[in-house]
2 protein chains.
Amino acid sequence: MNKNQALPWENPRFHNWIAVARACQVMGLSLARALQPLDLKPPHLDILVNLFRAPGISQQDLADKLLVGRSNLSMLLPQLEKRGLLVRRGDPQDRRILRLELTPSGTDVTLQAIAIQSELIDRTMKTASTDECNLVGEVMTRIIHELTRPDTVEEGQADEPGRKKA
Amino acid sequence: MNKNQALPWENPRFHNWIAVARACQVMGLSLARALQPLDLKPPHLDILVNLFRAPGISQQDLADKLLVGRSNLSMLLPQLEKRGLLVRRGDPQDRRILRLELTPSGTDVTLQAIAIQSELIDRTMKTASTDECNLVGEVMTRIIHELTRPDTVEEGQADEPGRKKA
DNA sequence: ACAGAATTGTACAACCATGAACAAAAATCA
DNA sequence: TGATTTTTGTTCATGGTTGTACAATTCTGT
């Protein structure tokens, strides 16, 4: 039991990551509250932003970007479509695919939501200098690459988050 | 509409935070996979670790620490109790309170889970130097304080995450 | 002491997310 | 061409999370 560090709380890597995780959690809660007036939740915002930046994307590609399952989108997208925020148009070239696009009203809501999120993030991150901020982003990018390296991810045939890339 | 920054993608604070959020997401997915052999999910680990560090804590205090609702714990704790990982003992001083404690078997599982999590975090954070790592943690701590400042949180009387402190 | 307020944990309905099984369409390959 | 495999999206059962309503207990103020 004592051949390696039994309790990792004095390990800087460990407790510093715990701080990252907690910051994400409180940011998520704050964002959820800030989005309430628009009747949106963070997952909805993720969808809308990706549609804003990549109009015409398919549901599968969107699921890959968001790291969620296709079934998730199959449940959420009809709701947003009924609210008139987006449309799903069949692709004549490949009739399996539904291409997603924001409606004008959806674009409007998306811009409002982005403004809310941006304001929240800006206020929050003002506690760090630009240099610190950039360093944090750089470290996080390295972490993402480390965790998505194909040889450390090796996984099965699931429908769900983190599939093998075509 | 153009009185402020319409699209914040060239804002360093914004896109660097997006990197933080994504890193947390992939870390969460990796942790969930790494915990599968123990038949635990990240929320279970959060509970066990807090019981390990604060034996005898009440459900309410635990919910406050985890930033989840009491009802959440009322659903999860009986499962873990049935698995023999913890016990809920009534407090003779205050008969409303159930005090939580790990069983020996629960302590054993918790130590295994912590080892798994610690290994994952250590491998991941090795992509950053100790100084970078500490700076990240410091920035995150500032962010947490900013987001939990009482005057910016002002909220209602909900049962759920982020209540006013007694 | 006692009435009203506050706190702790539970029960339940609603919603969200996941993974497996499925149908339709396209790609592959003999 | 025709058979097999792959890809895309849906459906459904399961389980996780939230918020509300509630019973039991303790606290507060008079």
# chains A, B, ... in the order shown; residues from 1 in each chain; ligands from 1
>>> residues_around(residues="stretch 69-78 of chain B", least_positions_apart="6", cutoff="12 Å", atoms="only C-alpha atoms (C1' of nucleotides)", output="VMD selection string")
(chain B and resid 40 to 41 43 to 48 51 58 to 63 84 to 88 98 to 102 158 to 163) or (chain C and resid 8 to 12) or (chain D and resid 15 to 20)
>>> calpha_fit_and_write(fixed="chain B", moving="chain A", output="tab-separated table (two decimals) with N, CA and C atoms, in the first residue's frame")
chain	number	residue	atom	x	y	z
A	1	MET	N	-25.82	46.22	-32.99
A	1	MET	CA	-25.20	44.90	-32.99
A	1	MET	C	-23.68	44.97	-32.97
A	2	ASN	N	-23.13	46.07	-33.45
A	2	ASN	CA	-21.68	46.15	-33.48
A	2	ASN	C	-21.15	47.09	-32.40
A	3	LYS	N	-21.97	47.39	-31.42
A	3	LYS	CA	-21.48	48.28	-30.37
A	3	LYS	C	-20.49	47.56	-29.45
A	4	ASN	N	-20.62	46.25	-29.31
A	4	ASN	CA	-19.58	45.49	-28.59
A	4	ASN	C	-19.10	44.35	-29.49
A	5	GLN	N	-18.19	43.57	-28.98
A	5	GLN	CA	-17.67	42.50	-29.82
A	5	GLN	C	-18.79	41.53	-30.16
A	6	ALA	N	-19.13	41.43	-31.44
A	6	ALA	CA	-20.23	40.57	-31.82
A	6	ALA	C	-19.86	39.11	-31.61
A	7	LEU	N	-18.72	38.70	-32.14
A	7	LEU	CA	-18.33	37.30	-32.02
A	7	LEU	C	-17.04	37.20	-31.23
A	8	PRO	N	-17.05	36.47	-30.17
A	8	PRO	CA	-15.94	36.51	-29.21
A	8	PRO	C	-14.83	35.51	-29.48
A	9	TRP	N	-14.74	34.98	-30.69
A	9	TRP	CA	-13.74	33.92	-30.86
A	9	TRP	C	-12.31	34.43	-30.89
A	10	GLU	N	-12.16	35.71	-31.21
A	10	GLU	CA	-10.80	36.23	-31.13
A	10	GLU	C	-10.50	36.80	-29.76
A	11	ASN	N	-11.45	36.72	-28.86
A	11	ASN	CA	-11.21	37.16	-27.48
A	11	ASN	C	-10.45	36.05	-26.74
A	12	PRO	N	-9.23	36.35	-26.27
A	12	PRO	CA	-8.44	35.29	-25.63
A	12	PRO	C	-9.14	34.69	-24.42
A	13	ARG	N	-9.77	35.55	-23.60
A	13	ARG	CA	-10.44	35.01	-22.43
A	13	ARG	C	-11.47	33.97	-22.83
A	14	PHE	N	-12.21	34.28	-23.90
A	14	PHE	CA	-13.29	33.38	-24.31
A	14	PHE	C	-12.76	32.04	-24.79
A	15	HIS	N	-11.91	32.05	-25.80
A	15	HIS	CA	-11.55	30.75	-26.38
A	15	HIS	C	-10.64	29.96	-25.46
A	16	ASN	N	-9.92	30.66	-24.58
A	16	ASN	CA	-9.12	29.89	-23.62
A	16	ASN	C	-10.02	29.20	-22.61
A	17	TRP	N	-11.11	29.85	-22.24
A	17	TRP	CA	-12.01	29.14	-21.33
A	17	TRP	C	-12.69	27.96	-22.01
A	18	ILE	N	-13.00	28.13	-23.28
A	18	ILE	CA	-13.59	27.01	-24.01
A	18	ILE	C	-12.65	25.80	-23.95
A	19	ALA	N	-11.35	26.06	-24.04
A	19	ALA	CA	-10.39	24.96	-23.94
A	19	ALA	C	-10.46	24.31	-22.56
A	20	VAL	N	-10.63	25.12	-21.52
A	20	VAL	CA	-10.75	24.56	-20.18
A	20	VAL	C	-11.97	23.64	-20.10
A	21	ALA	N	-13.10	24.15	-20.60
A	21	ALA	CA	-14.33	23.37	-20.53
A	21	ALA	C	-14.18	22.05	-21.28
A	22	ARG	N	-13.55	22.12	-22.45
A	22	ARG	CA	-13.40	20.89	-23.23
A	22	ARG	C	-12.46	19.91	-22.53
A	23	ALA	N	-11.39	20.42	-21.95
A	23	ALA	CA	-10.47	19.54	-21.23
A	23	ALA	C	-11.21	18.82	-20.09
A	24	CYS	N	-12.07	19.57	-19.39
A	24	CYS	CA	-12.83	18.94	-18.32
A	24	CYS	C	-13.74	17.86	-18.86
A	25	GLN	N	-14.32	18.12	-20.01
A	25	GLN	CA	-15.24	17.15	-20.58
A	25	GLN	C	-14.53	15.85	-20.95
A	26	VAL	N	-13.40	15.97	-21.64
A	26	VAL	CA	-12.69	14.75	-22.04
A	26	VAL	C	-12.10	14.04	-20.81
A	27	MET	N	-11.68	14.81	-19.82
A	27	MET	CA	-11.20	14.17	-18.60
A	27	MET	C	-12.33	13.40	-17.92
A	28	GLY	N	-13.52	14.00	-17.90
A	28	GLY	CA	-14.66	13.30	-17.31
A	28	GLY	C	-14.97	12.00	-18.03
A	29	LEU	N	-14.91	12.03	-19.35
A	29	LEU	CA	-15.16	10.81	-20.10
A	29	LEU	C	-14.09	9.77	-19.83
A	30	SER	N	-12.83	10.21	-19.79
A	30	SER	CA	-11.75	9.27	-19.52
A	30	SER	C	-11.88	8.68	-18.13
A	31	LEU	N	-12.23	9.53	-17.17
A	31	LEU	CA	-12.37	9.03	-15.81
A	31	LEU	C	-13.50	8.01	-15.72
A	32	ALA	N	-14.60	8.29	-16.39
A	32	ALA	CA	-15.72	7.35	-16.36
A	32	ALA	C	-15.28	5.99	-16.90
A	33	ARG	N	-14.50	6.00	-17.99
A	33	ARG	CA	-14.04	4.73	-18.53
A	33	ARG	C	-13.08	4.04	-17.59
A	34	ALA	N	-12.19	4.84	-16.97
A	34	ALA	CA	-11.19	4.23	-16.09
A	34	ALA	C	-11.82	3.64	-14.83
A	35	LEU	N	-12.99	4.15	-14.46
A	35	LEU	CA	-13.63	3.67	-13.23
A	35	LEU	C	-14.56	2.48	-13.49
A	36	GLN	N	-14.78	2.18	-14.75
A	36	GLN	CA	-15.71	1.09	-15.07
A	36	GLN	C	-15.37	-0.22	-14.37
A	37	PRO	N	-14.09	-0.62	-14.31
A	37	PRO	CA	-13.80	-1.91	-13.65
A	37	PRO	C	-14.25	-1.96	-12.20
A	38	LEU	N	-14.35	-0.82	-11.54
A	38	LEU	CA	-14.82	-0.79	-10.15
A	38	LEU	C	-16.33	-0.62	-10.08
A	39	ASP	N	-17.00	-0.53	-11.23
A	39	ASP	CA	-18.44	-0.30	-11.26
A	39	ASP	C	-18.81	1.00	-10.53
A	40	LEU	N	-17.98	2.01	-10.74
A	40	LEU	CA	-18.26	3.33	-10.16
A	40	LEU	C	-18.35	4.35	-11.28
A	41	LYS	N	-19.11	5.40	-11.01
A	41	LYS	CA	-19.14	6.53	-11.92
A	41	LYS	C	-18.59	7.74	-11.20
A	42	PRO	N	-18.18	8.77	-11.95
A	42	PRO	CA	-17.59	9.94	-11.29
A	42	PRO	C	-18.40	10.48	-10.11
A	43	PRO	N	-19.72	10.59	-10.19
A	43	PRO	CA	-20.44	11.09	-9.01
A	43	PRO	C	-20.25	10.20	-7.79
A	44	HIS	N	-20.19	8.88	-7.99
A	44	HIS	CA	-19.95	7.99	-6.87
A	44	HIS	C	-18.59	8.27	-6.24
A	45	LEU	N	-17.60	8.45	-7.11
A	45	LEU	CA	-16.26	8.73	-6.59
A	45	LEU	C	-16.25	10.01	-5.78
A	46	ASP	N	-16.92	11.04	-6.26
A	46	ASP	CA	-16.98	12.28	-5.50
A	46	ASP	C	-17.53	12.04	-4.10
A	47	ILE	N	-18.57	11.26	-4.03
A	47	ILE	CA	-19.17	10.97	-2.72
A	47	ILE	C	-18.17	10.24	-1.84
A	48	LEU	N	-17.59	9.17	-2.38
A	48	LEU	CA	-16.70	8.33	-1.57
A	48	LEU	C	-15.51	9.13	-1.07
A	49	VAL	N	-14.93	9.95	-1.94
A	49	VAL	CA	-13.76	10.72	-1.54
A	49	VAL	C	-14.11	11.68	-0.40
A	50	ASN	N	-15.27	12.31	-0.51
A	50	ASN	CA	-15.65	13.24	0.55
A	50	ASN	C	-15.92	12.52	1.86
A	51	LEU	N	-16.48	11.33	1.76
A	51	LEU	CA	-16.68	10.55	2.99
A	51	LEU	C	-15.34	10.11	3.57
A	52	PHE	N	-14.40	9.85	2.68
A	52	PHE	CA	-13.08	9.45	3.16
A	52	PHE	C	-12.41	10.58	3.91
A	53	ARG	N	-12.56	11.79	3.40
A	53	ARG	CA	-11.88	12.93	4.01
A	53	ARG	C	-12.68	13.56	5.14
A	54	ALA	N	-13.97	13.34	5.16
A	54	ALA	CA	-14.81	13.94	6.20
A	54	ALA	C	-15.79	12.90	6.73
A	55	PRO	N	-15.30	11.92	7.46
A	55	PRO	CA	-16.20	10.88	7.97
A	55	PRO	C	-17.20	11.49	8.94
A	56	GLY	N	-18.44	10.99	8.89
A	56	GLY	CA	-19.47	11.47	9.79
A	56	GLY	C	-20.21	12.69	9.26
A	57	ILE	N	-19.94	13.07	8.04
A	57	ILE	CA	-20.60	14.23	7.46
A	57	ILE	C	-22.09	13.93	7.25
A	58	SER	N	-22.90	14.96	7.28
A	58	SER	CA	-24.33	14.77	7.03
A	58	SER	C	-24.62	14.86	5.53
A	59	GLN	N	-25.79	14.41	5.13
A	59	GLN	CA	-26.13	14.44	3.72
A	59	GLN	C	-26.20	15.87	3.21
A	60	GLN	N	-26.75	16.76	4.03
A	60	GLN	CA	-26.85	18.16	3.60
A	60	GLN	C	-25.47	18.77	3.39
A	61	ASP	N	-24.58	18.55	4.34
A	61	ASP	CA	-23.24	19.12	4.18
A	61	ASP	C	-22.53	18.51	2.98
A	62	LEU	N	-22.76	17.24	2.75
A	62	LEU	CA	-22.15	16.60	1.59
A	62	LEU	C	-22.69	17.21	0.30
A	63	ALA	N	-24.00	17.43	0.27
A	63	ALA	CA	-24.59	18.04	-0.93
A	63	ALA	C	-24.00	19.43	-1.17
A	64	ASP	N	-23.79	20.19	-0.10
A	64	ASP	CA	-23.20	21.51	-0.25
A	64	ASP	C	-21.80	21.42	-0.84
A	65	LYS	N	-21.02	20.46	-0.34
A	65	LYS	CA	-19.66	20.32	-0.85
A	65	LYS	C	-19.65	19.93	-2.31
A	66	LEU	N	-20.55	19.06	-2.69
A	66	LEU	CA	-20.54	18.55	-4.06
A	66	LEU	C	-21.30	19.46	-5.02
A	67	LEU	N	-21.99	20.47	-4.51
A	67	LEU	CA	-22.80	21.37	-5.33
A	67	LEU	C	-23.89	20.60	-6.07
A	68	VAL	N	-24.49	19.67	-5.39
A	68	VAL	CA	-25.65	18.97	-5.96
A	68	VAL	C	-26.79	19.08	-4.95
A	69	GLY	N	-27.96	18.63	-5.36
A	69	GLY	CA	-29.12	18.73	-4.49
A	69	GLY	C	-29.18	17.59	-3.48
A	70	ARG	N	-29.92	17.85	-2.41
A	70	ARG	CA	-30.07	16.77	-1.42
A	70	ARG	C	-30.77	15.58	-2.02
A	71	SER	N	-31.74	15.84	-2.89
A	71	SER	CA	-32.50	14.73	-3.46
A	71	SER	C	-31.59	13.80	-4.26
A	72	ASN	N	-30.59	14.37	-4.87
A	72	ASN	CA	-29.62	13.56	-5.60
A	72	ASN	C	-29.01	12.51	-4.66
A	73	LEU	N	-28.54	12.97	-3.52
A	73	LEU	CA	-27.91	12.05	-2.57
A	73	LEU	C	-28.92	11.08	-2.01
A	74	SER	N	-30.15	11.54	-1.83
A	74	SER	CA	-31.17	10.63	-1.32
A	74	SER	C	-31.41	9.47	-2.28
A	75	MET	N	-31.10	9.67	-3.55
A	75	MET	CA	-31.24	8.58	-4.51
A	75	MET	C	-29.97	7.73	-4.56
A	76	LEU	N	-28.80	8.38	-4.51
A	76	LEU	CA	-27.55	7.63	-4.73
A	76	LEU	C	-27.09	6.87	-3.49
A	77	LEU	N	-27.23	7.49	-2.32
A	77	LEU	CA	-26.63	6.89	-1.13
A	77	LEU	C	-27.22	5.51	-0.79
A	78	PRO	N	-28.53	5.32	-0.90
A	78	PRO	CA	-29.03	3.97	-0.61
A	78	PRO	C	-28.40	2.90	-1.50
A	79	GLN	N	-28.12	3.26	-2.77
A	79	GLN	CA	-27.45	2.29	-3.64
A	79	GLN	C	-26.09	1.89	-3.08
A	80	LEU	N	-25.30	2.91	-2.73
A	80	LEU	CA	-23.96	2.62	-2.24
A	80	LEU	C	-24.04	1.89	-0.89
A	81	GLU	N	-25.08	2.20	-0.12
A	81	GLU	CA	-25.22	1.50	1.16
A	81	GLU	C	-25.55	0.03	0.93
A	82	LYS	N	-26.42	-0.22	-0.05
A	82	LYS	CA	-26.77	-1.63	-0.35
A	82	LYS	C	-25.55	-2.39	-0.83
A	83	ARG	N	-24.63	-1.69	-1.50
A	83	ARG	CA	-23.42	-2.36	-1.96
A	83	ARG	C	-22.41	-2.53	-0.84
A	84	GLY	N	-22.75	-2.04	0.35
A	84	GLY	CA	-21.87	-2.24	1.50
A	84	GLY	C	-20.68	-1.31	1.52
A	85	LEU	N	-20.75	-0.20	0.77
A	85	LEU	CA	-19.60	0.70	0.73
A	85	LEU	C	-19.66	1.75	1.83
A	86	LEU	N	-20.85	2.02	2.35
A	86	LEU	CA	-20.97	3.02	3.40
A	86	LEU	C	-22.16	2.67	4.29
A	87	VAL	N	-22.21	3.33	5.43
A	87	VAL	CA	-23.36	3.19	6.33
A	87	VAL	C	-23.89	4.58	6.66
A	88	ARG	N	-25.18	4.63	6.90
A	88	ARG	CA	-25.82	5.88	7.33
A	88	ARG	C	-26.33	5.66	8.75
A	89	ARG	N	-25.76	6.38	9.67
A	89	ARG	CA	-26.09	6.17	11.08
A	89	ARG	C	-26.78	7.42	11.60
A	90	GLY	N	-27.91	7.23	12.26
A	90	GLY	CA	-28.62	8.37	12.83
A	90	GLY	C	-27.83	9.01	13.95
A	91	ASP	N	-27.94	10.33	14.03
A	91	ASP	CA	-27.21	11.06	15.08
A	91	ASP	C	-28.11	11.14	16.31
A	92	PRO	N	-27.65	10.64	17.47
A	92	PRO	CA	-28.51	10.68	18.66
A	92	PRO	C	-28.74	12.12	19.14
A	93	GLN	N	-27.79	13.01	18.87
A	93	GLN	CA	-27.95	14.40	19.31
A	93	GLN	C	-29.01	15.13	18.47
A	94	ASP	N	-29.01	14.88	17.18
A	94	ASP	CA	-29.97	15.54	16.28
A	94	ASP	C	-30.58	14.47	15.39
A	95	ARG	N	-31.81	14.09	15.73
A	95	ARG	CA	-32.35	12.90	15.08
A	95	ARG	C	-32.84	13.16	13.67
A	96	ARG	N	-32.62	14.40	13.15
A	96	ARG	CA	-32.89	14.63	11.72
A	96	ARG	C	-31.74	14.14	10.87
A	97	ILE	N	-30.55	14.11	11.44
A	97	ILE	CA	-29.33	13.95	10.65
A	97	ILE	C	-28.95	12.47	10.50
A	98	LEU	N	-28.52	12.13	9.30
A	98	LEU	CA	-27.90	10.84	9.05
A	98	LEU	C	-26.41	11.08	8.81
A	99	ARG	N	-25.59	10.49	9.63
A	99	ARG	CA	-24.14	10.66	9.48
A	99	ARG	C	-23.60	9.52	8.61
A	100	LEU	N	-22.73	9.91	7.66
A	100	LEU	CA	-22.26	8.97	6.66
A	100	LEU	C	-20.84	8.53	6.99
A	101	GLU	N	-20.58	7.24	6.79
A	101	GLU	CA	-19.24	6.72	7.00
A	101	GLU	C	-18.95	5.61	6.03
A	102	LEU	N	-17.72	5.53	5.59
A	102	LEU	CA	-17.30	4.41	4.76
A	102	LEU	C	-17.18	3.15	5.62
A	103	THR	N	-17.54	2.03	5.03
A	103	THR	CA	-17.22	0.74	5.65
A	103	THR	C	-15.77	0.40	5.29
A	104	PRO	N	-15.20	-0.61	5.94
A	104	PRO	CA	-13.85	-1.04	5.52
A	104	PRO	C	-13.81	-1.38	4.03
A	105	SER	N	-14.82	-2.10	3.57
A	105	SER	CA	-14.86	-2.42	2.15
A	105	SER	C	-14.98	-1.16	1.30
A	106	GLY	N	-15.76	-0.20	1.78
A	106	GLY	CA	-15.88	1.05	1.04
A	106	GLY	C	-14.57	1.82	1.02
A	107	THR	N	-13.86	1.81	2.12
A	107	THR	CA	-12.55	2.47	2.15
A	107	THR	C	-11.60	1.83	1.14
A	108	ASP	N	-11.67	0.51	1.08
A	108	ASP	CA	-10.81	-0.19	0.14
A	108	ASP	C	-11.11	0.21	-1.30
A	109	VAL	N	-12.39	0.19	-1.65
A	109	VAL	CA	-12.78	0.58	-3.01
A	109	VAL	C	-12.39	2.02	-3.28
A	110	THR	N	-12.58	2.88	-2.29
A	110	THR	CA	-12.26	4.29	-2.46
A	110	THR	C	-10.78	4.48	-2.76
A	111	LEU	N	-9.94	3.76	-2.03
A	111	LEU	CA	-8.50	3.91	-2.26
A	111	LEU	C	-8.13	3.43	-3.67
A	112	GLN	N	-8.77	2.35	-4.10
A	112	GLN	CA	-8.51	1.89	-5.46
A	112	GLN	C	-8.93	2.94	-6.49
A	113	ALA	N	-10.11	3.51	-6.25
A	113	ALA	CA	-10.61	4.51	-7.21
A	113	ALA	C	-9.73	5.75	-7.22
A	114	ILE	N	-9.30	6.17	-6.04
A	114	ILE	CA	-8.40	7.33	-5.98
A	114	ILE	C	-7.11	7.04	-6.73
A	115	ALA	N	-6.62	5.83	-6.59
A	115	ALA	CA	-5.39	5.48	-7.30
A	115	ALA	C	-5.60	5.58	-8.80
A	116	ILE	N	-6.74	5.09	-9.27
A	116	ILE	CA	-7.03	5.16	-10.71
A	116	ILE	C	-7.11	6.61	-11.16
A	117	GLN	N	-7.86	7.41	-10.41
A	117	GLN	CA	-8.03	8.81	-10.79
A	117	GLN	C	-6.69	9.55	-10.75
A	118	SER	N	-5.93	9.27	-9.71
A	118	SER	CA	-4.65	9.95	-9.55
A	118	SER	C	-3.70	9.62	-10.69
A	119	GLU	N	-3.72	8.37	-11.09
A	119	GLU	CA	-2.85	7.94	-12.18
A	119	GLU	C	-3.25	8.66	-13.47
A	120	LEU	N	-4.54	8.72	-13.71
A	120	LEU	CA	-5.03	9.40	-14.91
A	120	LEU	C	-4.64	10.87	-14.90
A	121	ILE	N	-4.87	11.54	-13.79
A	121	ILE	CA	-4.56	12.96	-13.71
A	121	ILE	C	-3.06	13.18	-13.85
A	122	ASP	N	-2.30	12.32	-13.20
A	122	ASP	CA	-0.86	12.51	-13.25
A	122	ASP	C	-0.33	12.36	-14.66
A	123	ARG	N	-0.79	11.33	-15.34
A	123	ARG	CA	-0.36	11.15	-16.72
A	123	ARG	C	-0.76	12.35	-17.56
A	124	THR	N	-1.96	12.83	-17.34
A	124	THR	CA	-2.45	13.94	-18.15
A	124	THR	C	-1.71	15.23	-17.87
A	125	MET	N	-1.52	15.54	-16.60
A	125	MET	CA	-0.93	16.81	-16.22
A	125	MET	C	0.58	16.81	-16.39
A	126	LYS	N	1.16	15.66	-16.68
A	126	LYS	CA	2.60	15.65	-16.93
A	126	LYS	C	2.94	16.47	-18.17
A	127	THR	N	1.93	16.80	-18.98
A	127	THR	CA	2.18	17.64	-20.14
A	127	THR	C	2.47	19.08	-19.73
A	128	ALA	N	2.36	19.38	-18.44
A	128	ALA	CA	2.66	20.74	-17.97
A	128	ALA	C	3.74	20.66	-16.89
A	129	SER	N	4.57	21.70	-16.83
A	129	SER	CA	5.57	21.75	-15.77
A	129	SER	C	4.90	22.04	-14.44
A	130	THR	N	5.66	21.86	-13.37
A	130	THR	CA	5.08	22.11	-12.05
A	130	THR	C	4.66	23.57	-11.91
A	131	ASP	N	5.48	24.47	-12.45
A	131	ASP	CA	5.12	25.88	-12.36
A	131	ASP	C	3.84	26.19	-13.12
A	132	GLU	N	3.78	25.69	-14.36
A	132	GLU	CA	2.56	25.90	-15.14
A	132	GLU	C	1.36	25.33	-14.42
A	133	CYS	N	1.56	24.15	-13.89
A	133	CYS	CA	0.49	23.45	-13.17
A	133	CYS	C	-0.02	24.29	-12.00
A	134	ASN	N	0.91	24.84	-11.24
A	134	ASN	CA	0.50	25.64	-10.09
A	134	ASN	C	-0.19	26.93	-10.53
A	135	LEU	N	0.29	27.48	-11.62
A	135	LEU	CA	-0.36	28.71	-12.09
A	135	LEU	C	-1.80	28.43	-12.52
A	136	VAL	N	-1.97	27.31	-13.21
A	136	VAL	CA	-3.33	26.94	-13.62
A	136	VAL	C	-4.23	26.81	-12.39
A	137	GLY	N	-3.73	26.12	-11.38
A	137	GLY	CA	-4.54	25.95	-10.18
A	137	GLY	C	-4.87	27.29	-9.53
A	138	GLU	N	-3.89	28.19	-9.56
A	138	GLU	CA	-4.13	29.49	-8.93
A	138	GLU	C	-5.21	30.28	-9.68
A	139	VAL	N	-5.12	30.27	-11.00
A	139	VAL	CA	-6.13	30.96	-11.80
A	139	VAL	C	-7.50	30.36	-11.55
A	140	MET	N	-7.56	29.05	-11.49
A	140	MET	CA	-8.86	28.40	-11.28
A	140	MET	C	-9.43	28.76	-9.91
A	141	THR	N	-8.57	28.83	-8.92
A	141	THR	CA	-9.05	29.22	-7.59
A	141	THR	C	-9.64	30.62	-7.62
A	142	ARG	N	-8.98	31.53	-8.33
A	142	ARG	CA	-9.53	32.88	-8.44
A	142	ARG	C	-10.89	32.86	-9.13
A	143	ILE	N	-11.00	32.05	-10.18
A	143	ILE	CA	-12.26	31.96	-10.92
A	143	ILE	C	-13.37	31.46	-10.01
A	144	ILE	N	-13.05	30.43	-9.23
A	144	ILE	CA	-14.06	29.88	-8.32
A	144	ILE	C	-14.52	30.96	-7.35
A	145	HIS	N	-13.59	31.71	-6.80
A	145	HIS	CA	-13.98	32.76	-5.86
A	145	HIS	C	-14.84	33.81	-6.54
A	146	GLU	N	-14.46	34.18	-7.76
A	146	GLU	CA	-15.25	35.18	-8.47
A	146	GLU	C	-16.68	34.69	-8.69
A	147	LEU	N	-16.81	33.42	-9.03
A	147	LEU	CA	-18.15	32.92	-9.37
A	147	LEU	C	-18.99	32.59	-8.14
A	148	THR	N	-18.37	32.50	-7.00
A	148	THR	CA	-19.15	32.19	-5.80
A	148	THR	C	-19.25	33.40	-4.88
A	149	ARG	N	-18.83	34.58	-5.38
A	149	ARG	CA	-19.04	35.80	-4.58
A	149	ARG	C	-20.52	35.98	-4.32
A	150	PRO	N	-20.91	36.20	-3.07
A	150	PRO	CA	-22.34	36.21	-2.75
A	150	PRO	C	-23.14	37.22	-3.55
A	151	ASP	N	-22.56	38.40	-3.84
A	151	ASP	CA	-23.35	39.44	-4.49
A	151	ASP	C	-23.55	39.19	-5.97
A	152	THR	N	-22.80	38.26	-6.56
A	152	THR	CA	-23.02	37.96	-7.97
A	152	THR	C	-23.85	36.71	-8.15
A	153	VAL	N	-24.16	36.06	-7.05
A	153	VAL	CA	-24.83	34.77	-7.13
A	153	VAL	C	-26.31	34.90	-6.85
A	154	GLU	N	-26.68	35.96	-6.21
A	154	GLU	CA	-28.02	36.21	-5.65
A	154	GLU	C	-29.10	35.32	-6.26
A	155	GLU	N	-29.67	34.49	-5.42
A	155	GLU	CA	-30.60	33.52	-5.95
A	155	GLU	C	-31.70	33.25	-4.98
A	156	GLY	N	-32.56	32.34	-5.37
A	156	GLY	CA	-33.81	32.09	-4.68
A	156	GLY	C	-33.71	31.11	-3.54
A	157	GLN	N	-34.76	30.33	-3.39
A	157	GLN	CA	-34.94	29.50	-2.22
A	157	GLN	C	-34.92	28.03	-2.62
A	158	ALA	N	-34.14	27.71	-3.63
A	158	ALA	CA	-34.23	26.38	-4.19
A	158	ALA	C	-33.62	25.34	-3.26
A	159	ASP	N	-33.98	24.13	-3.54
A	159	ASP	CA	-33.43	22.99	-2.84
A	159	ASP	C	-32.01	22.71	-3.33
A	160	GLU	N	-31.67	23.27	-4.47
A	160	GLU	CA	-30.61	22.70	-5.29
A	160	GLU	C	-29.29	23.44	-5.24
A	161	PRO	N	-28.37	23.03	-6.11
A	161	PRO	CA	-26.98	23.50	-6.07
A	161	PRO	C	-26.81	24.99	-5.83
A	162	GLY	N	-25.90	25.33	-4.97
A	162	GLY	CA	-25.56	26.73	-4.75
A	162	GLY	C	-26.54	27.45	-3.86
A	163	ARG	N	-26.70	26.99	-2.65
A	163	ARG	CA	-27.62	27.65	-1.74
A	163	ARG	C	-26.89	28.77	-1.01
A	164	LYS	N	-27.69	29.60	-0.35
A	164	LYS	CA	-27.07	30.59	0.50
A	164	LYS	C	-26.47	29.86	1.69
A	165	LYS	N	-25.36	30.38	2.14
A	165	LYS	CA	-24.71	29.73	3.27
A	165	LYS	C	-25.37	30.18	4.55
A	166	ALA	N	-25.49	29.27	5.49
A	166	ALA	CA	-26.12	29.59	6.78
A	166	ALA	C	-25.39	30.75	7.41
>>> closest_atom_pairs(of="chain D", to="chain A", cutoff="8 Å", atoms="only C-alpha atoms (C1' of nucleotides)", output="tab-separated table")
residue	atom	partner	partner_atom	distance
D:DT8	C1'	A:Arg96	CA	5.3
D:DG9	C1'	A:Arg96	CA	7.2
D:DT10	C1'	A:Ser74	CA	6.9
>>> write_last_selection(atoms="C-alpha atoms (C1' of nucleotides)", output="JSON list (two decimals), in the first residue's frame")
[["chain", "number", "residue", "atom", "x", "y", "z"],
["D", 8, "DT", "C1'", -27.04, 7.81, -40.49],
["D", 9, "DG", "C1'", -30.73, 8.71, -37.81],
["D", 10, "DT", "C1'", -34.65, 6.95, -34.72]]
>>> select_by_dssp(residues="chain A", states="strand (DSSP E)", output="ChimeraX atom specification")
/A:86-90,98-102
>>> select_by_dssp(residues="stretch 98-147 of chain A", states="alpha helix (DSSP H)", output="ChimeraX atom specification")
/A:104-125,130-147
>>> closest_residue(among="C:DC2, C:DT7, C:DC15, C:DA24", to="chain A", atoms="only C-alpha atoms (C1' of nucleotides)")
C:DA24
>>> atom_distance(atom1="atom C1' of C:DA6", atom2="atom C1' of D:DT26")
8.4 Å
>>> closest_atom_pairs(of="chain C", to="chain A", cutoff="9 Å", atoms="only C-alpha atoms (C1' of nucleotides)", output="JSON lines")
{"residue": "C:DC16", "atom": "C1'", "partner": "A:Asn72", "partner_atom": "CA", "distance": 8.6}
{"residue": "C:DA17", "atom": "C1'", "partner": "A:Asn72", "partner_atom": "CA", "distance": 6.5}
{"residue": "C:DT18", "atom": "C1'", "partner": "A:Glu160", "partner_atom": "CA", "distance": 7.6}
{"residue": "C:DG19", "atom": "C1'", "partner": "A:Asp159", "partner_atom": "CA", "distance": 6.8}
{"residue": "C:DA20", "atom": "C1'", "partner": "A:Asp159", "partner_atom": "CA", "distance": 8.6}
{"residue": "C:DA24", "atom": "C1'", "partner": "A:Arg96", "partner_atom": "CA", "distance": 7.3}
{"residue": "C:DA25", "atom": "C1'", "partner": "A:Arg96", "partner_atom": "CA", "distance": 5.5}
{"residue": "C:DA26", "atom": "C1'", "partner": "A:Asp94", "partner_atom": "CA", "distance": 7.4}
